[in-house]
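A.B. asks: Supplied structure: query_29.cif, mmCIF, C-alpha atoms.
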data_protein
#
loop_
_atom_site.label_atom_id
_atom_site.label_comp_id
_atom_site.auth_asym_id
_atom_site.auth_seq_id
_atom_site.Cartn_x
_atom_site.Cartn_y
_atom_site.Cartn_z
CA MET A 634 -37.65 6.75 36.10
CA SER A 635 -36.68 4.59 39.06
CA SER A 636 -33.17 3.26 39.49
CA PRO A 637 -34.15 -0.35 38.64
CA ASP A 638 -35.85 0.85 35.44
CA ARG A 639 -32.74 2.79 34.44
CA GLU A 640 -30.61 -0.29 35.07
CA VAL A 641 -32.90 -2.42 32.89
CA ARG A 642 -32.83 0.21 30.11
CA ALA A 643 -29.03 0.44 30.31
CA ALA A 644 -28.71 -3.33 30.17
CA ARG A 645 -30.96 -3.48 27.12
CA ASN A 646 -29.00 -0.74 25.38
CA GLY A 647 -25.75 -2.51 26.19
CA SER A 648 -27.10 -5.75 24.76
CA ALA A 649 -28.24 -3.94 21.61
CA ARG A 650 -24.80 -2.40 21.14
CA ALA A 651 -23.15 -5.77 21.70
CA ALA A 652 -25.47 -7.35 19.15
CA ARG A 653 -24.37 -4.77 16.58
CA ARG A 654 -20.68 -5.43 17.11
CA PRO A 655 -19.32 -7.13 13.99
CA VAL A 656 -17.21 -10.22 13.62
CA VAL A 657 -14.28 -9.11 11.44
CA ALA A 658 -11.94 -11.35 9.45
CA VAL A 659 -8.51 -10.13 8.31
CA THR A 660 -6.52 -11.87 5.59
CA GLY A 661 -2.76 -11.37 5.56
CA ALA A 662 -3.07 -10.99 9.32
CA ALA A 663 0.34 -12.30 10.37
CA SER A 664 2.53 -9.40 9.26
CA GLY A 665 2.67 -5.77 8.19
CA VAL A 666 -0.47 -3.69 8.25
CA GLY A 667 -2.53 -6.90 8.62
CA ALA A 668 -0.90 -7.62 11.98
CA LEU A 669 -1.40 -4.02 13.11
CA LEU A 670 -5.06 -4.08 12.13
CA THR A 671 -5.65 -7.45 13.77
CA GLN A 672 -4.19 -6.14 17.02
CA ARG A 673 -6.30 -2.97 16.86
CA LEU A 674 -9.50 -4.91 16.21
CA THR A 675 -8.92 -7.35 19.06
CA GLU A 676 -8.50 -4.38 21.41
CA SER A 677 -11.61 -2.58 20.16
CA GLU A 678 -14.79 -2.67 22.23
CA GLU A 679 -16.70 -2.12 18.99
CA VAL A 680 -15.66 -5.52 17.61
CA LYS A 681 -17.22 -8.76 18.80
CA HIS A 682 -14.59 -11.18 17.51
CA VAL A 683 -11.62 -11.26 15.11
CA VAL A 684 -10.83 -14.07 12.66
CA ALA A 685 -7.23 -13.97 11.43
CA ILE A 686 -6.26 -15.72 8.19
CA ASP A 687 -2.75 -16.18 6.84
CA GLU A 688 -0.35 -18.85 5.60
CA ARG A 689 1.31 -18.79 9.01
CA ARG A 690 0.07 -18.04 12.50
CA GLY A 691 0.71 -14.54 13.76
CA GLU A 692 1.37 -13.22 17.24
CA VAL A 693 -2.05 -11.79 18.13
CA SER A 694 -3.25 -14.55 20.43
CA GLU A 695 -6.66 -12.93 21.04
CA ALA A 696 -7.72 -13.61 17.43
CA GLN A 697 -9.05 -16.91 16.09
CA TRP A 698 -6.42 -18.11 13.62
CA HIS A 699 -6.89 -20.11 10.43
CA VAL A 700 -3.73 -21.06 8.55
CA LEU A 701 -4.43 -21.35 4.83
CA ASP A 702 -3.82 -19.79 1.42
CA VAL A 703 -6.47 -17.22 0.48
CA ARG A 704 -6.76 -18.89 -2.94
CA ASP A 705 -8.11 -22.04 -1.26
CA PRO A 706 -11.91 -22.25 -1.73
CA ALA A 707 -12.04 -23.75 1.78
CA ILE A 708 -11.77 -20.16 3.01
CA ALA A 709 -15.55 -19.89 2.58
CA GLU A 710 -16.06 -22.21 5.56
CA ARG A 711 -13.70 -20.10 7.66
CA LEU A 712 -15.82 -17.03 6.90
CA ARG A 713 -19.09 -18.46 8.20
CA GLY A 714 -20.50 -16.08 10.79
CA VAL A 715 -18.20 -13.24 9.73
CA ASP A 716 -19.76 -9.82 9.06
CA VAL A 717 -16.81 -7.97 7.50
CA VAL A 718 -13.67 -9.17 5.71
CA VAL A 719 -10.61 -6.94 5.34
CA HIS A 720 -8.52 -8.46 2.56
CA LEU A 721 -4.81 -7.64 2.96
CA ALA A 722 -3.18 -10.80 1.62
CA LEU A 723 -1.33 -9.27 -1.33
CA ASP A 724 2.11 -9.85 -2.80
CA LEU A 725 3.69 -6.53 -3.81
CA ASP A 726 7.29 -7.67 -3.35
CA LEU A 727 9.62 -6.05 -5.88
CA GLU A 728 11.57 -9.28 -6.24
CA SER A 729 8.55 -11.51 -6.95
CA ASP A 730 8.06 -13.05 -10.36
CA ASP A 731 5.53 -10.86 -12.18
CA ALA A 732 3.32 -13.72 -13.36
CA ALA A 733 3.31 -15.47 -9.98
CA ARG A 734 2.56 -12.22 -8.19
CA THR A 735 -0.37 -11.44 -10.45
CA ALA A 736 -1.73 -14.99 -10.15
CA TYR A 737 -1.64 -14.73 -6.36
CA ASN A 738 -3.10 -11.25 -6.08
CA VAL A 739 -5.91 -11.58 -8.59
CA ARG A 740 -6.90 -15.16 -7.81
CA GLY A 741 -6.72 -14.48 -4.09
CA THR A 742 -9.00 -11.44 -4.31
CA GLN A 743 -11.44 -13.25 -6.57
CA THR A 744 -11.60 -16.21 -4.18
CA VAL A 745 -12.09 -14.01 -1.11
CA LEU A 746 -14.91 -12.04 -2.74
CA THR A 747 -16.70 -15.18 -3.91
CA ALA A 748 -16.18 -16.96 -0.58
CA ALA A 749 -17.39 -13.92 1.36
CA ALA A 750 -20.59 -13.79 -0.65
CA ALA A 751 -21.15 -17.53 -0.20
CA ALA A 752 -20.59 -17.26 3.55
CA GLY A 753 -23.08 -14.41 3.97
CA VAL A 754 -20.49 -11.69 4.66
CA HIS A 755 -22.03 -8.29 3.96
CA ARG A 756 -18.89 -6.17 3.54
CA VAL A 757 -15.43 -6.70 2.07
CA VAL A 758 -12.74 -4.06 2.46
CA LEU A 759 -10.01 -4.13 -0.21
CA CYS A 760 -6.71 -2.28 0.05
CA THR A 761 -5.00 -1.14 -3.14
CA SER A 762 -3.00 2.09 -3.53
CA ALA A 763 -3.42 5.71 -4.58
CA MET A 764 -1.12 4.70 -7.45
CA VAL A 765 -4.26 3.52 -9.30
CA TYR A 766 -5.08 7.16 -10.03
CA GLY A 767 -1.93 7.34 -12.11
CA ALA A 768 0.91 9.86 -11.93
CA LEU A 769 0.25 12.40 -14.66
CA PRO A 770 1.37 15.99 -15.25
CA ASP A 771 -2.21 17.27 -15.47
CA ASN A 772 -3.47 15.63 -12.25
CA ASP A 773 -5.34 17.84 -9.81
CA ILE A 774 -3.50 18.57 -6.57
CA PRO A 775 -4.92 16.97 -4.54
CA LEU A 776 -7.00 14.33 -6.31
CA ALA A 777 -10.55 13.68 -5.15
CA GLU A 778 -11.52 10.09 -4.30
CA ASP A 779 -13.84 9.91 -7.29
CA ALA A 780 -11.16 11.05 -9.75
CA GLU A 781 -10.77 8.82 -12.79
CA LEU A 782 -8.34 5.93 -12.43
CA ARG A 783 -5.83 6.71 -15.18
CA ALA A 784 -2.96 4.45 -14.18
CA THR A 785 -1.61 1.85 -16.57
CA ALA A 786 0.01 -1.49 -15.82
CA ASP A 787 3.51 -0.09 -16.45
CA ALA A 788 4.55 0.22 -12.78
CA THR A 789 5.25 -2.56 -10.30
CA GLY A 790 2.05 -4.25 -9.19
CA VAL A 791 -0.26 -1.50 -10.45
CA GLY A 792 -1.82 -3.79 -13.06
CA ASP A 793 -2.75 -6.17 -10.23
CA LEU A 794 -4.25 -3.34 -8.20
CA LEU A 795 -6.34 -2.13 -11.14
CA GLU A 796 -7.66 -5.66 -11.66
CA ILE A 797 -8.45 -5.96 -7.95
CA GLU A 798 -10.43 -2.73 -8.17
CA ARG A 799 -12.29 -4.06 -11.19
CA LEU A 800 -13.19 -7.22 -9.28
CA GLY A 801 -14.35 -5.04 -6.38
CA ARG A 802 -16.67 -3.03 -8.63
CA ARG A 803 -18.14 -6.16 -10.20
CA ALA A 804 -18.71 -8.08 -6.95
CA PRO A 805 -21.83 -6.24 -5.71
CA ARG A 806 -23.48 -6.77 -9.11
CA ALA A 807 -22.61 -10.47 -9.12
CA HIS A 808 -23.48 -10.88 -5.43
CA PRO A 809 -26.37 -8.59 -4.40
CA GLY A 810 -26.10 -7.65 -0.74
CA LEU A 811 -22.31 -7.62 -0.73
CA ASN A 812 -20.80 -4.21 -0.13
CA VAL A 813 -17.21 -3.50 -1.21
CA THR A 814 -15.11 -0.67 0.21
CA VAL A 815 -11.72 0.19 -1.31
CA VAL A 816 -8.93 1.91 0.63
CA ARG A 817 -6.12 3.57 -1.37
CA PRO A 818 -3.06 4.62 0.65
CA ALA A 819 -0.41 7.06 -0.53
CA ILE A 820 3.28 5.99 -0.38
CA LEU A 821 3.24 3.45 2.42
CA VAL A 822 6.00 3.63 5.03
CA GLY A 823 6.68 1.47 8.06
CA GLY A 824 8.48 -1.78 7.39
CA THR A 825 7.75 -1.59 3.67
CA ASP A 826 10.03 -2.06 0.67
CA THR A 827 8.82 -0.53 -2.58
CA ALA A 828 10.27 1.25 -5.58
CA LEU A 829 9.21 4.52 -3.94
CA THR A 830 10.84 3.82 -0.57
CA ARG A 831 14.01 2.68 -2.37
CA TYR A 832 14.13 6.08 -4.03
CA PHE A 833 15.43 7.40 -0.71
CA GLU A 834 18.19 4.79 -0.53
CA SER A 835 20.02 6.41 -3.45
CA PRO A 836 23.05 8.67 -2.93
CA ARG A 837 21.34 11.29 -5.09
CA LEU A 838 17.62 11.92 -5.60
CA LEU A 839 16.93 11.43 -9.27
CA VAL A 840 14.85 14.28 -10.69
CA VAL A 841 13.68 14.12 -14.29
CA ALA A 842 14.12 17.46 -16.01
CA GLY A 843 10.86 19.32 -16.49
CA SER A 844 8.91 17.14 -14.03
CA ARG A 845 6.92 18.32 -11.02
CA PRO A 846 7.32 15.78 -8.20
CA THR A 847 5.05 15.97 -5.16
CA TRP A 848 5.34 13.62 -2.20
CA GLN A 849 2.65 12.34 0.12
CA PHE A 850 3.18 9.51 2.56
CA CYS A 851 1.01 7.19 4.62
CA HIS A 852 2.30 5.51 7.76
CA VAL A 853 1.17 1.91 8.23
CA GLU A 854 -0.32 2.85 11.62
CA ASP A 855 -2.55 5.44 9.97
CA LEU A 856 -3.54 2.94 7.29
CA ALA A 857 -4.50 0.41 9.97
CA ALA A 858 -6.64 3.06 11.67
CA ALA A 859 -8.35 3.92 8.36
CA LEU A 860 -9.01 0.23 7.65
CA GLU A 861 -10.55 -0.10 11.11
CA TYR A 862 -12.89 2.77 10.26
CA ALA A 863 -13.94 0.94 7.11
CA ALA A 864 -14.34 -2.39 8.92
CA LEU A 865 -16.60 -0.78 11.50
CA GLU A 866 -18.69 0.74 8.70
CA LYS A 867 -18.03 4.30 9.77
CA VAL A 868 -17.21 5.13 6.16
CA GLU A 869 -17.65 3.35 2.84
CA GLY A 870 -17.02 3.63 -0.87
CA GLU A 871 -13.65 4.53 -2.39
CA LEU A 872 -11.35 5.99 0.23
CA ALA A 873 -7.94 7.63 -0.15
CA VAL A 874 -5.69 7.78 2.89
CA GLY A 875 -2.47 9.63 3.59
CA CYS A 876 -0.88 12.40 5.59
CA ASP A 877 -2.47 15.82 5.33
CA GLY A 878 -1.01 17.83 2.46
CA TRP A 879 2.16 17.06 0.54
CA LEU A 880 5.81 17.98 0.11
CA GLU A 881 7.40 19.58 -2.93
CA GLN A 882 10.67 18.11 -4.23
CA GLU A 883 12.67 21.04 -2.84
CA GLU A 884 11.23 20.42 0.63
CA VAL A 885 12.12 16.73 0.41
CA GLU A 886 15.70 17.57 -0.53
CA GLU A 887 15.97 20.04 2.35
CA LEU A 888 14.51 17.58 4.87
CA THR A 889 16.61 14.62 3.73
CA GLY A 890 19.83 16.47 3.07
CA ILE A 891 20.19 14.43 -0.13
CA ARG A 892 21.04 16.43 -3.21
CA ARG A 893 19.35 15.92 -6.53
CA MET A 894 20.76 14.66 -9.79
CA GLU A 895 18.72 15.96 -12.71
CA LEU A 896 18.55 13.98 -15.93
CA PRO A 897 16.70 14.47 -19.21
CA SER A 898 13.56 12.37 -19.47
CA SER A 899 14.88 10.34 -22.39
CA VAL A 900 18.03 9.38 -20.48
CA ALA A 901 16.27 8.48 -17.22
CA LEU A 902 13.44 6.51 -18.82
CA GLY A 903 15.73 4.87 -21.35
CA ALA A 904 18.18 3.69 -18.70
CA ALA A 905 15.38 2.39 -16.45
CA SER A 906 13.82 0.51 -19.34
CA ARG A 907 17.11 -1.09 -20.42
CA LEU A 908 18.06 -2.15 -16.91
CA HIS A 909 14.70 -3.75 -16.28
CA ARG A 910 14.69 -5.47 -19.66
CA LEU A 911 18.09 -6.95 -18.86
CA GLY A 912 16.78 -8.20 -15.54
CA LEU A 913 19.22 -6.05 -13.58
CA THR A 914 16.65 -4.02 -11.64
CA PRO A 915 13.25 -5.00 -10.23
CA SER A 916 11.59 -1.71 -11.15
CA PRO A 917 10.13 -1.13 -14.62
CA ALA A 918 10.41 2.30 -16.19
CA GLY A 919 6.78 2.96 -15.29
CA ASP A 920 7.76 3.33 -11.62
CA LEU A 921 9.62 6.54 -12.52
CA ALA A 922 6.37 8.32 -13.35
CA TYR A 923 5.44 8.28 -9.65
CA THR A 924 8.60 10.27 -8.88
CA MET A 925 7.93 12.71 -11.73
CA HIS A 926 4.28 13.73 -11.62
CA PRO A 927 1.75 14.51 -8.88
CA TRP A 928 -0.65 11.89 -7.49
CA VAL A 929 -1.41 13.19 -4.00
CA VAL A 930 -4.92 12.63 -2.61
CA SER A 931 -7.29 14.62 -0.44
CA GLY A 932 -8.67 11.87 1.83
CA SER A 933 -11.82 13.95 2.27
CA ARG A 934 -14.21 11.03 2.82
CA LEU A 935 -12.25 9.70 5.78
CA HIS A 936 -11.89 13.23 7.15
CA ASP A 937 -15.64 13.80 6.85
CA ALA A 938 -16.19 10.61 8.85
CA GLY A 939 -13.98 11.90 11.66
CA TRP A 940 -10.72 10.09 10.89
CA ARG A 941 -7.45 12.02 11.12
CA PRO A 942 -3.86 10.90 10.44
CA LYS A 943 -1.56 10.89 13.45
CA TRP A 944 1.55 11.24 11.31
CA THR A 945 2.70 14.18 9.20
CA ASN A 946 4.58 13.88 5.93
CA GLU A 947 7.68 15.25 7.61
CA GLU A 948 7.49 12.68 10.42
CA VAL A 949 6.94 9.77 8.05
CA LEU A 950 9.83 10.87 5.85
CA ALA A 951 12.09 11.04 8.90
CA GLU A 952 11.10 7.49 9.88
CA LEU A 953 11.70 6.30 6.34
CA LEU A 954 15.21 7.75 6.39
CA GLU A 955 15.90 5.86 9.62
CA GLU A 956 14.62 2.62 8.08
CA VAL A 957 16.76 2.86 4.95
CA ALA A 958 19.94 4.07 6.67
CA GLY A 959 22.86 1.94 5.54
CA ARG A 960 21.10 0.66 2.42
CA HIS A 961 22.42 1.61 -1.00
CA THR A 962 20.35 1.56 -4.16
CA VAL A 963 21.14 2.59 -7.72
CA ALA A 964 18.34 2.62 -10.30
CA GLY A 965 16.14 0.61 -7.93
CA ARG A 966 18.76 -2.13 -7.48
CA ARG A 967 20.16 -2.82 -4.01
CA LEU A 968 23.96 -2.83 -3.87
CA GLY A 969 26.27 -4.67 -1.52
CA ARG A 970 28.54 -2.64 0.72
CA LYS A 971 31.57 -3.10 -1.55
CA ASP A 972 29.73 -1.95 -4.66
CA ALA A 973 28.21 0.98 -2.79
CA THR A 974 31.61 2.11 -1.54
CA THR A 975 33.07 1.95 -5.04
CA LEU A 976 30.19 3.81 -6.62
CA GLY A 977 30.07 6.34 -3.82
CA ALA A 978 33.35 7.79 -5.11
CA ALA A 979 31.63 8.71 -8.33
CA GLY A 980 29.99 11.66 -6.60
CA ALA A 981 27.30 13.45 -8.55
CA THR A 982 27.39 10.95 -11.42
CA VAL A 983 26.89 7.86 -9.22
CA ALA A 984 23.56 6.84 -10.71
CA LEU A 985 24.76 7.18 -14.28
CA VAL A 986 27.98 5.35 -13.54
CA GLY A 987 26.03 2.60 -11.82
CA THR A 988 23.62 2.29 -14.72
CA ALA A 989 26.37 2.17 -17.32
CA ALA A 990 28.37 -0.37 -15.32
CA LEU A 991 25.38 -2.65 -14.91
CA VAL A 992 24.54 -2.52 -18.61
CA ARG A 993 28.15 -3.24 -19.62
CA ARG A 994 28.35 -6.14 -17.17
CA ALA A 995 25.16 -7.68 -18.56
CA ARG A 996 26.33 -7.32 -22.16
CA LYS A 997 29.70 -8.95 -21.41
CA ALA A 998 27.98 -11.83 -19.63
CA ARG A 999 25.71 -12.41 -22.61
CA ARG A 1000 28.60 -12.37 -25.06
CA ARG A 1001 30.35 -15.09 -23.02
CA LEU A 1002 27.30 -17.38 -23.26
#
Step by step, read the file and then write its structure as structure tokens.

C.D. replies:
Amino acid sequence: MSSPDREVRAARNGSARAARRPVVAVTGAASGVGALLTQRLTESEEVKHVVAIDERRGEVSEAQWHVLDVRDPAIAERLRGVDVVVHLALDLDLESDDAARTAYNVRGTQTVLTAAAAAGVHRVVLCTSAMVYGALPDNDIPLAEDAELRATADATGVGDLLEIERLGRRAPRAHPGLNVTVVRPAILVGGTDTALTRYFESPRLLVVAGSRPTWQFCHVEDLAAALEYAALEKVEGELAVGCDGWLEQEEVEELTGIRRMELPSSVALGAASRLHRLGLTPSPAGDLAYTMHPWVVSGSRLHDAGWRPKWTNEEVLAELLEEVAGRHTVAGRRLGRKDATTLGAAGATVALVGTAALVRRARKARRRL
């Protein structure tokens, strides 16, 4: 083949590749993993264009920004010409009102799915959590992606995530031609604040007697890379993402240098339930299950597609410890410096003392009303 012919062939192949490059929209693009993903996509030669959607404008200037609430039906117009939507606009804040959080998460997902179908989008990528598998004593270690979802709505935000997954399963039936991919990260670390990251802000690591904790983390950078894989249609279906392997409780204690405080199940669950019922802590008792029983995942589908995590569990745990340094939490409740100093003198009984003090304080306040 002559040189001009090769140049023509190369030009045609380049045009064909360019034509296949998708336009990707990201909701929740201004912060967190949404901002990381938006930056990655704008830098990718495999992406034609990035549409960024959030309630405020983010810092990735290369993206086309639309400032609006994802519950606004007008989002359908913003998705015209988009091939793939990655929906990351979720409220999982521990301090959010439960009803308001659920209304935002469920209505937002429902609106995005409907708007995507109306706009001709062919793929929506949803991000939930590996928590939807549930933390149960008889779980396989690790869990396969197609394992039954046995979680209940007892833990923070998990009810919302289960409903989002249900909406994702229904969408292709309601809107033929729409493909839905779901990404489920393990314990997310990297600028996050959850009941599970707050566990490492305590002066002692609470261990429920007779439980078998296992720990698997996911750095937000690895999650962004996995979401990019899904957006570029290199993998589809239900995907679990996390560091390779897991850590046993004894390994966590050795790596952190934080000693355990072991409590009977009835005491730990009872105290957590009372504190949450009194409005003194943001975490319901159901969050404790995820520190008691295994729920680590294999991530085999992403691995089969060629994706690999860059972070290890040990490295993510070390970063988490740096992030939470100087913070003090008892029973999921953040303490001010003065309270933390006072409770710190309680030594091995700090969590119990803190729990009892909080309950007594709430009861006295109610009696004065």

A.B. asks: Closest to Leu896 of chain A among A:Ser677, A:Ser844, A:Ser916, A:Ser664, using all atoms listed in the file?

C.D. replies: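 Nearest candidate to Leu896 of chain A out of A:Ser677, A:Ser844, A:Ser916, A:Ser664: A:Ser844.
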
A.B. asks: Quick check on the file I pasted: which residues fall under the PyMOL selection byres ((chain A and resi 736-752) around 9)? Write them as number ranges by chain.

C.D. replies: A: 660, 702-715, 717-718, 720, 722-725, 731-735, 753-757, 759, 793-794, 796-797, 800-801, 804, 808-811, 813

A.B. asks: Have a look at atom CA of Leu795 of chain A and atom CA of Ile774 of chain A and let me know their distance in Å, one decimal.

C.D. replies: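 These two atoms are separated by 21.4 Å.
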
A.B. asks: To one decimal in Å, tell me the separation between atom CA of Ala780 of chain A and atom CA of Tyr923 of chain A.

C.D. replies: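 Separation between atom CA of Ala780 of chain A and atom CA of Tyr923 of chain A: 16.8 Å.
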
A.B. asks: Calculate how many Å separate atom CA of Val868 of chain A from atom CA of Asp687 of chain A, rounding to one decimal.

C.D. replies: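 Going from atom CA of Val868 of chain A over to atom CA of Asp687 of chain A, I get 25.8 Å.
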
A.B. asks: Step by step, work through what the PyMOL selection byres ((chain A and resi 905) around 8) selects in the shown file, and finish by giving those residues as a PyMOL selection string.

C.D. replies: chain A and resi 901-904+906-909+916-918+964

A.B. asks: Specify as a list of chain:residue names each residue included when the PyMOL selection byres ((chain A and resi 689-691) around 6) is applied to this file.

C.D. replies: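 Those residues are A:Ala663, A:Asp687, A:Glu688, A:Glu692, A:Val693, A:Val700.
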
A.B. asks: Within 8 Å of (-8.8, 11.5, 0.7) in the file's own coordinates, which protein, DNA or RNA residues have an atom, counting all atoms listed in the file? List them as a short mmCIF file (atom, residue, chain, number, x, y, z; two decimals) with C-alpha atoms, keeping the file's coordinate frame.

C.D. replies:
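Saved the output as out-v3.cif:
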data_model
loop_
_atom_site.label_atom_id
_atom_site.label_comp_id
_atom_site.auth_asym_id
_atom_site.auth_seq_id
_atom_site.Cartn_x
_atom_site.Cartn_y
_atom_site.Cartn_z
CA LEU A 776 -7.00 14.33 -6.31
CA ALA A 777 -10.55 13.68 -5.15
CA GLU A 778 -11.52 10.09 -4.30
CA LEU A 872 -11.35 5.99 0.23
CA ALA A 873 -7.94 7.63 -0.15
CA VAL A 874 -5.69 7.78 2.89
CA GLY A 875 -2.47 9.63 3.59
CA VAL A 930 -4.92 12.63 -2.61
CA SER A 931 -7.29 14.62 -0.44
CA GLY A 932 -8.67 11.87 1.83
CA SER A 933 -11.82 13.95 2.27
CA ARG A 934 -14.21 11.03 2.82
CA LEU A 935 -12.25 9.70 5.78
CA HIS A 936 -11.89 13.23 7.15
#

A.B. asks: Which of these residues is nearest to Leu913 of chain A, using only C-alpha atoms: A:Val765, A:Glu728, A:Val822, A:Lys867?

C.D. replies: A:Glu728

A.B. asks: Could you produce a table of the residues of segment 842-931 of chain A lying within 9 Å of segment 770-773 of chain A, with the nearest pair of atoms per residue and their separation in Å rounded to one decimal, using all atoms listed in the file, ordered by chain and increasing residue number, as a Markdown table?

C.D. replies:
| residue | atom | partner | partner_atom | distance |
| --- | --- | --- | --- | --- |
| A:Ser844 | CA | A:Pro770 | CA | 7.7 |
| A:Arg845 | CA | A:Pro770 | CA | 7.4 |
| A:Met925 | CA | A:Pro770 | CA | 8.1 |
| A:His926 | CA | A:Pro770 | CA | 5.2 |
| A:Pro927 | CA | A:Asn772 | CA | 6.3 |
| A:Trp928 | CA | A:Asn772 | CA | 6.7 |
| A:Val929 | CA | A:Asp773 | CA | 8.4 |
| A:Val930 | CA | A:Asp773 | CA | 8.9 |

A.B. asks: Measuring between only C-alpha atoms, which one of A:Val656, A:Pro805, A:Ser729, A:Leu839 shows the shortest distance to Leu674 of chain A?

C.D. replies: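 Among A:Val656, A:Pro805, A:Ser729, A:Leu839, it is A:Val656 that comes nearest to Leu674 of chain A.
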
A.B. asks: Fewer than 2 positions away in the same chain doesn't count, so skip those; otherwise give me all residues within 10 Å of Glu956 of chain A, counting all atoms listed in the file, as an mmCIF file with C-alpha atoms, keeping the file's coordinate frame.

C.D. replies:
data_model
loop_
_atom_site.group_PDB
_atom_site.id
_atom_site.type_symbol
_atom_site.label_atom_id
_atom_site.label_comp_id
_atom_site.auth_asym_id
_atom_site.auth_seq_id
_atom_site.Cartn_x
_atom_site.Cartn_y
_atom_site.Cartn_z
ATOM 1 C CA VAL A 822 6.000 3.630 5.030
ATOM 2 C CA GLY A 823 6.680 1.470 8.060
ATOM 3 C CA GLY A 824 8.480 -1.780 7.390
ATOM 4 C CA THR A 825 7.750 -1.590 3.670
ATOM 5 C CA ASP A 826 10.030 -2.060 0.670
ATOM 6 C CA THR A 830 10.840 3.820 -0.570
ATOM 7 C CA GLU A 834 18.190 4.790 -0.530
ATOM 8 C CA LEU A 950 9.830 10.870 5.850
ATOM 9 C CA ALA A 951 12.090 11.040 8.900
ATOM 10 C CA GLU A 952 11.100 7.490 9.880
ATOM 11 C CA LEU A 953 11.700 6.300 6.340
ATOM 12 C CA LEU A 954 15.210 7.750 6.390
ATOM 13 C CA ALA A 958 19.940 4.070 6.670
ATOM 14 C CA GLY A 959 22.860 1.940 5.540
ATOM 15 C CA ARG A 960 21.100 0.660 2.420
#

A.B. asks: From the options A:Tyr766, A:Ser899, A:Glu798, A:Phe833, which residue's atoms come nearest to Thr785 of chain A, counting only C-alpha atoms?

C.D. replies: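 Under the stated criterion, the closest residue is A:Tyr766.
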